[in-house]
>>> print(open('target.csv').read())   # CSV, C-alpha atoms
chain,number,residue,atom,x,y,z
Y,1,MET,CA,26.4,27.2,44.4
Y,2,LEU,CA,23.7,28.1,41.9
Y,3,ALA,CA,21.6,25.6,40.0
Y,4,THR,CA,18.1,25.3,38.4
Y,5,ALA,CA,15.4,22.7,38.0
Y,6,VAL,CA,12.0,22.4,36.6
Y,7,PRO,CA,8.8,21.1,38.2
Y,8,SER,CA,7.1,17.9,37.2
Y,9,THR,CA,3.8,19.3,38.4
Y,10,SER,CA,1.2,21.1,36.2
Y,11,THR,CA,-0.7,22.3,39.3
Y,12,SER,CA,-1.4,26.0,39.2
Y,13,GLY,CA,0.3,27.9,42.1
Y,14,TYR,CA,3.0,25.3,42.7
Y,15,THR,CA,5.6,26.2,45.3
Y,16,GLU,CA,9.3,25.3,45.7
Y,17,ASP,CA,8.1,22.1,47.4
Y,18,ALA,CA,6.3,20.8,44.4
Y,19,PRO,CA,7.6,17.5,42.9
Y,20,LEU,CA,10.5,17.9,40.4
Y,21,VAL,CA,11.5,15.8,37.4
Y,22,GLU,CA,13.8,12.9,38.1
Y,23,GLY,CA,17.4,14.2,37.8
Y,24,ALA,CA,20.3,12.7,35.9
Y,25,GLU,CA,23.2,11.6,38.0
Y,26,PRO,CA,25.8,14.3,38.4
Y,27,ASP,CA,28.4,12.5,36.3
Y,28,ALA,CA,25.9,11.3,33.6
Y,29,ASP,CA,26.2,12.1,30.0
Y,30,LYS,CA,23.8,14.7,28.6
Y,31,THR,CA,20.2,13.4,28.7
Y,32,ASP,CA,17.3,15.9,28.3
Y,33,TYR,CA,16.9,19.5,29.3
Y,34,ALA,CA,14.7,19.0,32.4
Y,35,ARG,CA,16.6,16.0,33.8
Y,36,ASP,CA,20.0,17.8,33.2
Y,37,LYS,CA,18.8,20.9,35.1
Y,38,ARG,CA,17.7,18.8,38.1
Y,39,GLY,CA,21.0,16.9,37.8
Y,40,GLY,CA,22.7,20.3,38.4
Y,41,GLU,CA,20.9,20.7,41.6
Y,42,LEU,CA,21.8,17.2,42.7
Y,43,ALA,CA,25.4,17.9,41.9
Y,44,ALA,CA,25.4,21.1,43.9
Y,45,LEU,CA,23.8,19.3,46.9
Y,46,GLY,CA,26.5,16.6,46.7
Y,47,ALA,CA,29.4,19.0,46.5
Y,48,PHE,CA,28.2,21.8,48.9
Y,49,GLY,CA,25.4,20.4,51.0
Y,50,SER,CA,22.0,22.0,51.5
Y,51,GLU,CA,23.2,24.9,53.6
Y,52,ARG,CA,25.5,26.2,50.9
Y,53,SER,CA,23.4,25.5,47.8
Y,54,LEU,CA,21.1,28.1,46.3
Y,55,PHE,CA,18.7,26.8,43.6
Y,56,ALA,CA,17.6,29.6,41.3
Y,57,ARG,CA,14.5,28.4,39.3
Y,58,ALA,CA,14.1,31.3,37.0
Y,59,GLY,CA,11.7,30.2,34.4
Y,60,MET,CA,11.6,32.6,31.4
Y,61,ILE,CA,14.4,35.2,31.4
Y,62,LEU,CA,14.0,38.3,29.2
Y,63,GLY,CA,15.9,41.6,28.8
Y,64,PRO,CA,18.9,43.1,27.0
Y,65,TYR,CA,21.5,40.7,25.6
Y,66,GLU,CA,19.1,37.8,25.2
Y,67,ASN,CA,20.6,35.3,22.8
Y,68,VAL,CA,17.7,32.9,22.8
Y,69,GLY,CA,15.6,35.1,20.5
Y,70,ARG,CA,12.2,35.2,22.2
Y,71,LEU,CA,11.7,38.9,22.9
Y,72,PRO,CA,14.1,39.9,20.1
Y,73,TRP,CA,12.1,37.9,17.6
Y,74,TRP,CA,8.9,39.7,18.6
Y,75,LEU,CA,10.5,43.1,18.4
Y,76,GLY,CA,11.9,42.3,14.9
Y,77,ARG,CA,8.6,41.0,13.7
Y,78,VAL,CA,6.6,43.9,15.1
Y,79,ALA,CA,9.1,46.4,13.7
Y,80,ARG,CA,8.4,45.1,10.2
Y,81,GLY,CA,4.9,46.3,10.5
Y,82,GLY,CA,1.7,45.1,8.9
Y,83,PRO,CA,-0.8,42.6,10.3
Y,84,VAL,CA,0.8,40.6,13.1
Y,85,LEU,CA,-0.6,37.3,14.4
Y,86,ALA,CA,-1.0,37.9,18.1
Y,87,PRO,CA,-1.8,34.7,19.9
Y,88,GLY,CA,-4.6,35.1,22.4
Y,89,PRO,CA,-6.2,35.6,24.6
Y,90,ARG,CA,-5.0,39.1,25.1
Y,91,GLU,CA,-5.3,38.9,28.8
Y,92,LEU,CA,-3.2,35.7,29.1
Y,93,ALA,CA,-1.1,36.2,32.2
Y,94,LEU,CA,2.7,35.8,31.9
Y,95,GLN,CA,5.5,35.3,34.4
Y,96,TYR,CA,9.1,36.0,33.6
Y,97,VAL,CA,12.1,37.8,35.1
Y,98,ASP,CA,14.2,40.5,33.6
Y,99,VAL,CA,17.8,39.3,33.6
Y,100,ARG,CA,18.9,42.5,35.5
Y,101,ASP,CA,16.4,41.9,38.3
Y,102,LEU,CA,17.5,38.2,38.5
Y,103,ALA,CA,21.2,39.3,38.8
Y,104,GLU,CA,20.4,41.8,41.5
Y,105,TRP,CA,18.5,39.3,43.5
Y,106,LEU,CA,21.2,36.6,43.1
Y,107,LEU,CA,23.9,39.0,44.3
Y,108,GLY,CA,21.9,40.0,47.3
Y,109,SER,CA,21.1,36.4,48.1
Y,110,VAL,CA,24.7,35.4,48.1
Y,111,GLU,CA,25.5,38.4,50.4
Y,112,ARG,CA,22.8,37.2,52.8
Y,113,GLU,CA,23.8,33.5,52.4
Y,114,LEU,CA,20.4,32.3,51.4
Y,115,SER,CA,20.0,28.7,50.5
Y,116,GLY,CA,17.5,26.3,49.1
Y,117,PRO,CA,15.1,26.6,46.1
Y,118,PHE,CA,13.4,29.8,44.9
Y,119,ASN,CA,10.9,30.3,42.1
Y,120,LEU,CA,12.4,33.4,40.5
Y,121,MET,CA,10.0,35.2,38.3
Y,122,SER,CA,7.4,38.0,38.6
Y,123,ALA,CA,4.2,37.5,40.4
Y,124,GLN,CA,1.3,35.9,38.5
Y,125,GLY,CA,-0.3,38.6,36.3
Y,126,HIS,CA,2.7,40.9,36.5
Y,127,ALA,CA,2.3,41.1,32.7
Y,128,THR,CA,-0.1,39.8,30.0
Y,129,MET,CA,0.4,38.8,26.4
Y,130,GLY,CA,-1.5,42.0,25.5
Y,131,ALA,CA,0.8,44.3,27.5
Y,132,PHE,CA,3.8,42.5,26.2
Y,133,LEU,CA,2.9,42.9,22.5
Y,134,ASP,CA,1.5,46.4,23.0
Y,135,ALA,CA,4.9,47.4,24.5
Y,136,CYS,CA,6.6,45.9,21.4
Y,137,VAL,CA,4.4,48.0,19.1
Y,138,ALA,CA,5.0,51.2,21.1
Y,139,VAL,CA,8.8,51.0,21.1
Y,140,THR,CA,9.1,50.1,17.5
Y,141,GLY,CA,7.0,52.9,16.2
Y,142,GLY,CA,3.5,51.6,16.1
Y,143,ALA,CA,3.4,50.5,12.5
Y,144,ALA,CA,2.2,47.0,13.3
Y,145,GLU,CA,-1.4,45.9,13.6
Y,146,LEU,CA,-1.9,43.2,16.2
Y,147,ARG,CA,-4.5,40.7,15.0
Y,148,TRP,CA,-5.6,38.8,18.1
Y,149,THR,CA,-6.2,35.1,17.3
Y,150,SER,CA,-7.7,32.5,19.5
Y,151,PRO,CA,-5.6,29.6,20.7
Y,152,GLU,CA,-7.8,27.1,18.8
Y,153,VAL,CA,-7.1,28.8,15.5
Y,154,VAL,CA,-3.4,29.0,16.2
Y,155,LEU,CA,-3.1,25.4,17.2
Y,156,GLY,CA,-5.4,24.3,14.4
Y,157,ALA,CA,-2.9,25.8,12.0
Y,158,GLY,CA,-0.2,23.5,13.3
Y,159,ILE,CA,1.7,26.4,14.9
Y,160,GLU,CA,4.0,25.3,17.7
Y,161,PRO,CA,3.7,27.3,20.9
Y,162,TRP,CA,6.8,28.6,22.5
Y,163,THR,CA,9.1,28.0,19.5
Y,164,GLN,CA,7.2,29.3,16.5
Y,165,LEU,CA,5.4,31.9,18.6
Y,166,PRO,CA,8.0,32.6,21.3
Y,167,VAL,CA,6.7,33.4,24.9
Y,168,TRP,CA,3.2,32.2,24.1
Y,169,VAL,CA,1.8,28.9,25.6
Y,170,PRO,CA,-1.9,28.2,25.3
Y,171,PRO,CA,-3.9,28.6,28.6
Y,172,GLY,CA,-5.0,25.4,30.3
Y,173,SER,CA,-2.1,23.4,29.0
Y,174,GLU,CA,0.4,21.7,31.3
Y,175,GLY,CA,3.2,23.8,29.8
Y,176,TYR,CA,1.3,27.0,30.6
Y,177,ASP,CA,0.8,26.1,34.3
Y,178,ALA,CA,4.5,25.1,34.7
Y,179,LEU,CA,5.8,28.3,33.1
Y,180,TYR,CA,3.3,30.9,34.2
Y,181,ARG,CA,1.4,29.8,37.3
Y,182,ALA,CA,4.2,29.5,39.9
Y,183,ASP,CA,3.9,30.7,43.5
Y,184,VAL,CA,6.8,33.2,43.9
Y,185,SER,CA,6.0,34.5,47.4
Y,186,ARG,CA,9.2,33.2,48.8
Y,187,ALA,CA,11.4,35.1,46.3
Y,188,LEU,CA,9.3,38.3,46.7
Y,189,ALA,CA,9.7,38.0,50.5
Y,190,THR,CA,13.5,37.9,50.1
Y,191,GLY,CA,13.7,41.0,48.0
Y,192,LEU,CA,13.0,40.1,44.4
Y,193,SER,CA,11.7,43.2,42.6
Y,194,CYS,CA,10.5,43.0,39.0
Y,195,ARG,CA,10.5,46.0,36.7
Y,196,SER,CA,7.6,46.6,34.3
Y,197,VAL,CA,7.2,44.7,31.0
Y,198,GLU,CA,7.3,48.1,29.3
Y,199,GLU,CA,10.8,48.8,30.7
Y,200,THR,CA,12.1,45.4,29.8
Y,201,VAL,CA,10.8,45.7,26.2
Y,202,ALA,CA,12.1,49.2,25.7
Y,203,ASP,CA,15.6,48.5,27.0
Y,204,THR,CA,15.8,45.3,24.9
Y,205,TRP,CA,14.8,47.3,21.8
Y,206,GLU,CA,17.4,50.0,22.5
Y,207,TRP,CA,20.0,47.3,22.8
Y,208,LEU,CA,18.9,45.6,19.6
Y,209,ARG,CA,19.0,48.9,17.7
Y,210,GLY,CA,22.5,49.5,19.1
Y,211,ILE,CA,23.7,46.3,17.4
Y,212,GLY,CA,22.0,46.9,14.1
Y,213,GLY,CA,18.6,45.4,14.8
Y,214,SER,CA,19.6,41.8,14.1
Y,215,VAL,CA,18.2,39.0,16.3
Y,216,PRO,CA,21.1,37.2,18.0
Y,217,GLU,CA,20.6,33.5,18.7
Y,218,ARG,CA,22.6,31.2,20.9
Y,219,VAL,CA,24.8,28.8,18.9
Y,220,GLY,CA,23.4,25.3,18.8
Y,221,ARG,CA,19.8,26.3,19.6
Y,222,PRO,CA,17.0,25.8,17.1
Y,223,ALA,CA,15.7,29.0,15.5
Y,224,VAL,CA,12.6,30.5,16.9
Y,225,GLY,CA,9.8,32.4,15.1
Y,226,LEU,CA,6.9,32.0,12.7
Y,227,ASP,CA,7.3,31.6,8.9
Y,228,PRO,CA,5.8,34.7,7.3
Y,229,ALA,CA,3.9,32.5,4.8
Y,230,VAL,CA,2.2,30.6,7.6
Y,231,GLU,CA,1.3,33.9,9.4
Y,232,ALA,CA,-0.1,35.4,6.2
Y,233,LYS,CA,-2.2,32.2,5.6
Y,234,VAL,CA,-3.7,32.2,9.1
Y,235,LEU,CA,-4.5,35.9,8.9
Y,236,GLY,CA,-5.8,35.7,5.4
Y,237,VAL,CA,-3.6,38.5,4.1
Y,238,PRO,CA,-1.1,38.8,1.2
Y,239,LEU,CA,2.4,37.7,1.9
Y,240,GLU,CA,4.2,41.0,1.8
Y,241,TRP,CA,5.6,41.4,5.3
>>> encode(input="target.csv", output="structure tokens")
Amino acid sequence: MLATAVPSTSTSGYTEDAPLVEGAEPDADKTDYARDKRGGELAALGAFGSERSLFARAGMILGPYENVGRLPWWLGRVARGGPVLAPGPRELALQYVDVRDLAEWLLGSVERELSGPFNLMSAQGHATMGAFLDACVAVTGGAAELRWTSPEVVLGAGIEPWTQLPVWVPPGSEGYDALYRADVSRALATGLSCRSVEETVADTWEWLRGIGGSVPERVGRPAVGLDPAVEAKVLGVPLEW
């Protein structure tokens, strides 16, 4: 049985043994995202026991067919060209997993009858915000100009991390440590292999172009992305992109 949960810790380098959020009861009505995810783990434990339950704690998932809109939004924005608000710092380390690498690991783990929790994302520093956005510029034709902007300026403009600027979370925040500072040594030791950010971005762009370039979003989820007027105001450029 597969399930996921989220840590309640903000400690950098947390492992699978870190404290988790309090989970909702398995038969409870919908509560909130974090408690519902932990509730899924508790339901799996109750139904299958610890020896038959595999907890895939995947964090951010990117790659072709993404219907959340994070990487697709960035590709669409960069493809429009012009000055692009690039939230810094450029060297900000990211952790994520390409959906194809996640699927390969999951299939292998089932074959090997693994159980227990695994932090399933790339190693810390596998990619950076700079490498991520550079890859977007490269695959879309290079017409965009990345304007790197400090976290203080971004937050001071009232821009919401993660939603209005997908993928980006300011360094030093609790959300950043929870998303991008996990210890993934257990998953790597059991065969998780993560392809480069350049490959993930290029393959997602190829898929997007194949469906006409529109950014698909999962039904019922709030839209992601930054209002062009807000971006232009922060960058001090005319609203023409």
>>> closest_residue(input="target.csv", among="Y:Ala229, Y:Val21, Y:Arg221, Y:Leu54", to="Y:Ser115", atoms="all atoms listed in the file")
Y:Leu54
>>> closest_atom_pairs(input="target.csv", of="stretch 187-213 of chain Y", to="stretch 81-104 of chain Y", cutoff="12 Å", atoms="all atoms listed in the file", output="JSON lines")
{"residue": "Y:Ala187", "atom": "CA", "partner": "Y:Leu102", "partner_atom": "CA", "distance": 10.4}
{"residue": "Y:Leu188", "atom": "CA", "partner": "Y:Asp101", "partner_atom": "CA", "distance": 11.6}
{"residue": "Y:Thr190", "atom": "CA", "partner": "Y:Glu104", "partner_atom": "CA", "distance": 11.7}
{"residue": "Y:Gly191", "atom": "CA", "partner": "Y:Glu104", "partner_atom": "CA", "distance": 9.4}
{"residue": "Y:Leu192", "atom": "CA", "partner": "Y:Asp101", "partner_atom": "CA", "distance": 7.2}
{"residue": "Y:Ser193", "atom": "CA", "partner": "Y:Asp101", "partner_atom": "CA", "distance": 6.5}
{"residue": "Y:Cys194", "atom": "CA", "partner": "Y:Asp101", "partner_atom": "CA", "distance": 6.0}
{"residue": "Y:Arg195", "atom": "CA", "partner": "Y:Asp98", "partner_atom": "CA", "distance": 7.3}
{"residue": "Y:Ser196", "atom": "CA", "partner": "Y:Asp98", "partner_atom": "CA", "distance": 9.0}
{"residue": "Y:Val197", "atom": "CA", "partner": "Y:Asp98", "partner_atom": "CA", "distance": 8.6}
{"residue": "Y:Glu198", "atom": "CA", "partner": "Y:Asp98", "partner_atom": "CA", "distance": 11.1}
{"residue": "Y:Glu199", "atom": "CA", "partner": "Y:Asp98", "partner_atom": "CA", "distance": 9.4}
{"residue": "Y:Thr200", "atom": "CA", "partner": "Y:Asp98", "partner_atom": "CA", "distance": 6.5}
{"residue": "Y:Val201", "atom": "CA", "partner": "Y:Asp98", "partner_atom": "CA", "distance": 9.7}
{"residue": "Y:Ala202", "atom": "CA", "partner": "Y:Asp98", "partner_atom": "CA", "distance": 11.9}
{"residue": "Y:Asp203", "atom": "CA", "partner": "Y:Asp98", "partner_atom": "CA", "distance": 10.5}
{"residue": "Y:Thr204", "atom": "CA", "partner": "Y:Asp98", "partner_atom": "CA", "distance": 10.1}
>>> write_last_selection(input="target.csv", atoms="C-alpha atoms", output="PDB file, keeping the file's coordinate frame")
ATOM      1  CA  ALA Y 187      11.400  35.100  46.300  1.00  0.00           C
ATOM      2  CA  LEU Y 188       9.300  38.300  46.700  1.00  0.00           C
ATOM      3  CA  THR Y 190      13.500  37.900  50.100  1.00  0.00           C
ATOM      4  CA  GLY Y 191      13.700  41.000  48.000  1.00  0.00           C
ATOM      5  CA  LEU Y 192      13.000  40.100  44.400  1.00  0.00           C
ATOM      6  CA  SER Y 193      11.700  43.200  42.600  1.00  0.00           C
ATOM      7  CA  CYS Y 194      10.500  43.000  39.000  1.00  0.00           C
ATOM      8  CA  ARG Y 195      10.500  46.000  36.700  1.00  0.00           C
ATOM      9  CA  SER Y 196       7.600  46.600  34.300  1.00  0.00           C
ATOM     10  CA  VAL Y 197       7.200  44.700  31.000  1.00  0.00           C
ATOM     11  CA  GLU Y 198       7.300  48.100  29.300  1.00  0.00           C
ATOM     12  CA  GLU Y 199      10.800  48.800  30.700  1.00  0.00           C
ATOM     13  CA  THR Y 200      12.100  45.400  29.800  1.00  0.00           C
ATOM     14  CA  VAL Y 201      10.800  45.700  26.200  1.00  0.00           C
ATOM     15  CA  ALA Y 202      12.100  49.200  25.700  1.00  0.00           C
ATOM     16  CA  ASP Y 203      15.600  48.500  27.000  1.00  0.00           C
ATOM     17  CA  THR Y 204      15.800  45.300  24.900  1.00  0.00           C
TER      18      THR Y 204
END
>>> closest_residue(input="target.csv", among="Y:Gly210, Y:Glu152, Y:Lys37, Y:Met129", to="Y:Gly59", atoms="all atoms listed in the file")
Y:Lys37
>>> residues_near_point(input="target.csv", point="(11.4, 30.0, 43.5)", cutoff="12 Å", atoms="all atoms listed in the file", output="MDAnalysis selection string")
chainID Y and resid 3:7 13:18 54:59 96:97 102 105:106 115:123 179 181:190 192
>>> atom_distance(input="target.csv", atom1="atom CA of Y:Phe132", atom2="atom CA of Y:Ala34")
26.6 Å
>>> atom_distance(input="target.csv", atom1="atom CA of Y:Trp205", atom2="atom CA of Y:Arg77")
12.0 Å
>>> atom_distance(input="target.csv", atom1="atom CA of Y:Tyr176", atom2="atom CA of Y:Leu75")
22.2 Å
>>> closest_residue(input="target.csv", among="Y:Cys136, Y:Gly236, Y:Val224, Y:Ala144", to="Y:Val68", atoms="all atoms listed in the file")
Y:Val224
>>> residues_around(input="target.csv", residues="Y:Gly69", least_positions_apart="4", cutoff="9 Å", atoms="all atoms listed in the file", output="list in words")
Trp73, Trp74, Pro166, Val215, Pro216, Glu217, Arg218, Ala223, Val224 and Gly225 of chain Y
>>> write_last_selection(input="target.csv", atoms="C-alpha atoms", output="compact mmCIF listing (two decimals), in the coordinates of the input")
# COMPACT_ATOMS: atom_id res chain seq x y z
CA TRP Y 73 12.10 37.90 17.60
CA TRP Y 74 8.90 39.70 18.60
CA PRO Y 166 8.00 32.60 21.30
CA VAL Y 215 18.20 39.00 16.30
CA PRO Y 216 21.10 37.20 18.00
CA GLU Y 217 20.60 33.50 18.70
CA ARG Y 218 22.60 31.20 20.90
CA ALA Y 223 15.70 29.00 15.50
CA VAL Y 224 12.60 30.50 16.90
CA GLY Y 225 9.80 32.40 15.10
>>> closest_residue(input="target.csv", among="Y:Trp168, Y:Arg52, Y:Gly142, Y:Arg112", to="Y:Gly130", atoms="all atoms listed in the file")
Y:Trp168
>>> closest_residue(input="target.csv", among="Y:Leu42, Y:Val234, Y:Leu208, Y:Leu226", to="Y:Gly63", atoms="all atoms listed in the file")
Y:Leu208
>>> closest_residue(input="target.csv", among="Y:Asp177, Y:Glu240, Y:Asp134, Y:Asp227", to="Y:Ser12", atoms="only C-alpha atoms")
Y:Asp177
